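Here the structure comes first, spelled out in structure tokens, and everything after it is commentary.
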Amino acid sequence: GNGLENQFGYSIEEAAQDYQFWMKNVHPDDLDKTKKDQQKVFKDKNYNLWKGQYRFKKKSGDYAYVIDKGFIARDGNGKAIRMIGATADITDRRKFEESLLEINNRLIKQTQELAHSNAELEQFAYVASHDLQEPLRMVSGFLTQLEKKYGNQLDDKAHQYIDFAVDGAKRMRQIILDLLDYSKIGKKEEGNTEVDLNEIIKEVCLLHRKQIEELNANIEFSKLPKIYGHPSPLIQLFQNLISNSLKYSHPEIPPKVIIKVTELDNEWKFSVKDNGIGIKEEYFAKIFNIFQRLHNKNDYSGTGMGLAIVKKIVENLNGRIWVKSDAGKGSTFYFTIPKTEE
Ligand code: ADP
């Protein structure tokens, strides 16, 4: 039919002239198999339909992927004498399928590589922070010895240098401990249970009782849900957010922290709102990165790890976290936790 010309560029006449037309144009690598498949079907009287896929050379010289279906006409003895069928060019579909397959394979490879480098990084952070503690203990120990044994022979400047060095060592110890904490998040914790978040906040308030009294702070929460999980990362999550609300509070206004929850179809959406110093919009993303902080250590203590830990905990629970804030007025940290049965 006309399709021969439209799809493959051959005229009906030139195809009809050459008895070998079909065989000459099937891709040499596909010819053997296609012929064998056909012969098998031709010989078996029970079959009257043949289907195949192969590459077929177009007049232009390019190969098209085709799908071929033929009805087999048989004589009185069941011998195949003729086949009538149709051939469709499925090159685009094949190319699409191949590209999908390639993308898929590439994705699988990338995911494996990512998982591998993630595991290596976590292992590195864990080992490094573990191993760094020992030499650091030595530095602090000998500085203390120096102070104790030779303190009376040293002048004020020397005492000051020792203080700076001790301070540096303390800070480094805190950074190492934070890094260790960070690398531990998500390590399989045993014994998931139902955790009442109201109890978790009460516990966090207890941990910060002194600071809450000193700042005359008010922490409000009500009717938080029970969720299925492990208590310690949940305590860590709320503790980091609440302690930041207290730490970055307005110098003249007593801190007020309001913790709320909204129930959505598949998840809980939490908000932790404060009336503190706020954050400029340009820093909204940066503050969640490890060791990123907006203040000098002399103005506000900290290592810049708190929100990175919070983010990792939330993402480990398959949730999301973001912040909204008015600089000078206060900040609200939002995060979601998917509802799970067990
Ligand atoms: P750290 O408190 O140790 O600096 P975080 O990771 O907890 O580390 O916070 C990163 C930065 O984000 C802080 O240095 C601070 O500038 C800002 N930040 C965090 N929480 C608040 C908040 N509730 N109000 C204002 N700024 C905040």
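Labels used: A, B, ... for chains in the order of the structure tokens, numbers from 1 for residues in each chain, and numbers from 1 for ligands as shown.
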Quick one: residues within 7 Å of ligand 1, with only C-alpha atoms and all ligand atoms, as a list in words?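 Those residues are Asn240, Leu241, Asn244, Ser245, Tyr248, Ser249, Asp274, Gly276, Ile277, Gly278, Ile279, Ile287, Phe288, Ile290, Phe291, Gln292, Arg293, Leu294, His295, Ser301, Gly302, Thr303, Gly304, Met305, Gly306, Leu307, Ala308, Gly330 and Ser331 of chain A.
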If you count only C-alpha atoms, which residues fall within 10 Å of Asp29 in chain A, apart from same-chain ones fewer than 4 positions away, as a PyMOL selection string? chain A and resi 33-34+54-55
Only N, CA and C atoms, please: the residues just picked out, written as a JSON list (two decimals), in the first residue's frame.
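Output contents, as saved in out-v2.json:
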```json
[["chain", "number", "residue", "atom", "x", "y", "z"],
["A", 33, "LYS", "N", 17.07, -14.31, 12.72],
["A", 33, "LYS", "CA", 16.10, -14.57, 13.77],
["A", 33, "LYS", "C", 14.68, -14.40, 13.21],
["A", 34, "THR", "N", 14.49, -13.34, 12.44],
["A", 34, "THR", "CA", 13.15, -13.05, 11.92],
["A", 34, "THR", "C", 12.71, -14.20, 11.00],
["A", 54, "TYR", "N", 11.74, -5.89, 14.07],
["A", 54, "TYR", "CA", 13.09, -5.91, 13.51],
["A", 54, "TYR", "C", 13.40, -4.54, 12.92],
["A", 55, "ARG", "N", 14.66, -4.40, 12.45],
["A", 55, "ARG", "CA", 15.03, -3.13, 11.82],
["A", 55, "ARG", "C", 14.92, -3.27, 10.30]]
```
Could you check which of A:Lys223, A:Lys184, A:Lys58, A:Lys339 is closest to Trp268 in chain A, using only C-alpha atoms?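 Of A:Lys223, A:Lys184, A:Lys58, A:Lys339, the one nearest Trp268 in chain A is A:Lys339, counting only C-alpha atoms.
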Compile the contact shell of range 133-142 of chain A as a PyMOL selection string: residues with an atom at most 9 Å away, counting only C-alpha atoms, same-chain residues fewer than 4 positions apart removed. chain A and resi 128-129+146-147+165-166+169-170+172-173+176-177
With N, CA and C atoms kept, could you save the residues just selected as a short mmCIF file (atom, residue, chain, number, x, y, z; two decimals), in the first residue's frame?
```cif
data_model
loop_
_atom_site.label_atom_id
_atom_site.label_comp_id
_atom_site.auth_asym_id
_atom_site.auth_seq_id
_atom_site.Cartn_x
_atom_site.Cartn_y
_atom_site.Cartn_z
N ALA A 128 36.12 11.05 62.33
CA ALA A 128 36.93 12.25 62.56
C ALA A 128 36.57 12.87 63.91
N SER A 129 35.26 13.00 64.16
CA SER A 129 34.90 13.68 65.40
C SER A 129 35.24 12.81 66.62
N LEU A 146 50.07 23.34 82.70
CA LEU A 146 50.95 24.50 82.55
C LEU A 146 50.53 25.60 83.52
N GLU A 147 49.23 25.83 83.55
CA GLU A 147 48.66 26.87 84.42
C GLU A 147 48.95 26.52 85.88
N ALA A 165 43.66 29.98 74.60
CA ALA A 165 43.87 28.62 74.09
C ALA A 165 42.84 27.66 74.69
N VAL A 166 42.57 27.81 76.01
CA VAL A 166 41.57 26.95 76.66
C VAL A 166 40.20 27.20 76.05
N ALA A 169 40.00 25.56 72.71
CA ALA A 169 39.86 24.10 72.85
C ALA A 169 38.42 23.73 73.24
N LYS A 170 37.82 24.57 74.12
CA LYS A 170 36.43 24.31 74.54
C LYS A 170 35.49 24.41 73.35
N MET A 172 36.27 24.10 70.22
CA MET A 172 36.51 23.00 69.29
C MET A 172 35.82 21.74 69.79
N ARG A 173 35.86 21.53 71.10
CA ARG A 173 35.19 20.36 71.69
C ARG A 173 33.70 20.40 71.36
N ILE A 176 33.11 19.58 67.73
CA ILE A 176 33.27 18.14 67.49
C ILE A 176 32.03 17.38 68.00
N LEU A 177 31.56 17.77 69.20
CA LEU A 177 30.37 17.09 69.75
C LEU A 177 29.16 17.31 68.86
#
```
Considering only C-alpha atoms, tabulate each residue of range 119-227 of chain A that lies at most 6 Å from range 255-262 of chain A along with its nearest interatomic pair and the corresponding distance in Å to one decimal; arrange the rows by chain and ascending residue number and present them as JSON lines.
```
{"residue": "A:Ala217", "atom": "CA", "partner": "A:Pro255", "partner_atom": "CA", "distance": 4.7}
{"residue": "A:Asn218", "atom": "CA", "partner": "A:Lys256", "partner_atom": "CA", "distance": 4.8}
{"residue": "A:Ile219", "atom": "CA", "partner": "A:Val257", "partner_atom": "CA", "distance": 4.7}
{"residue": "A:Glu220", "atom": "CA", "partner": "A:Ile258", "partner_atom": "CA", "distance": 4.8}
{"residue": "A:Phe221", "atom": "CA", "partner": "A:Ile259", "partner_atom": "CA", "distance": 4.9}
```
List every residue of range 198-308 of chain A that DSSP, applied to the backbone of this structure, places in strand (DSSP E), and write the result as a list in words.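 Answer for range 198-308 of chain A restricted to strand (DSSP E) is Asn218, Ile219, Glu220, Phe221, Lys226, Ile227, Tyr228, Gly229, Lys256, Val257, Ile258, Ile259, Lys260, Val261, Thr262, Glu263, Glu267, Trp268, Lys269, Phe270, Ser271, Val272 and Lys273 of chain A.
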Please, what distance in Å, to one decimal, runs between CA of Glu97 in chain A and CA of Lys24 in chain A?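 CA of Glu97 in chain A sits 27.1 Å away from CA of Lys24 in chain A.
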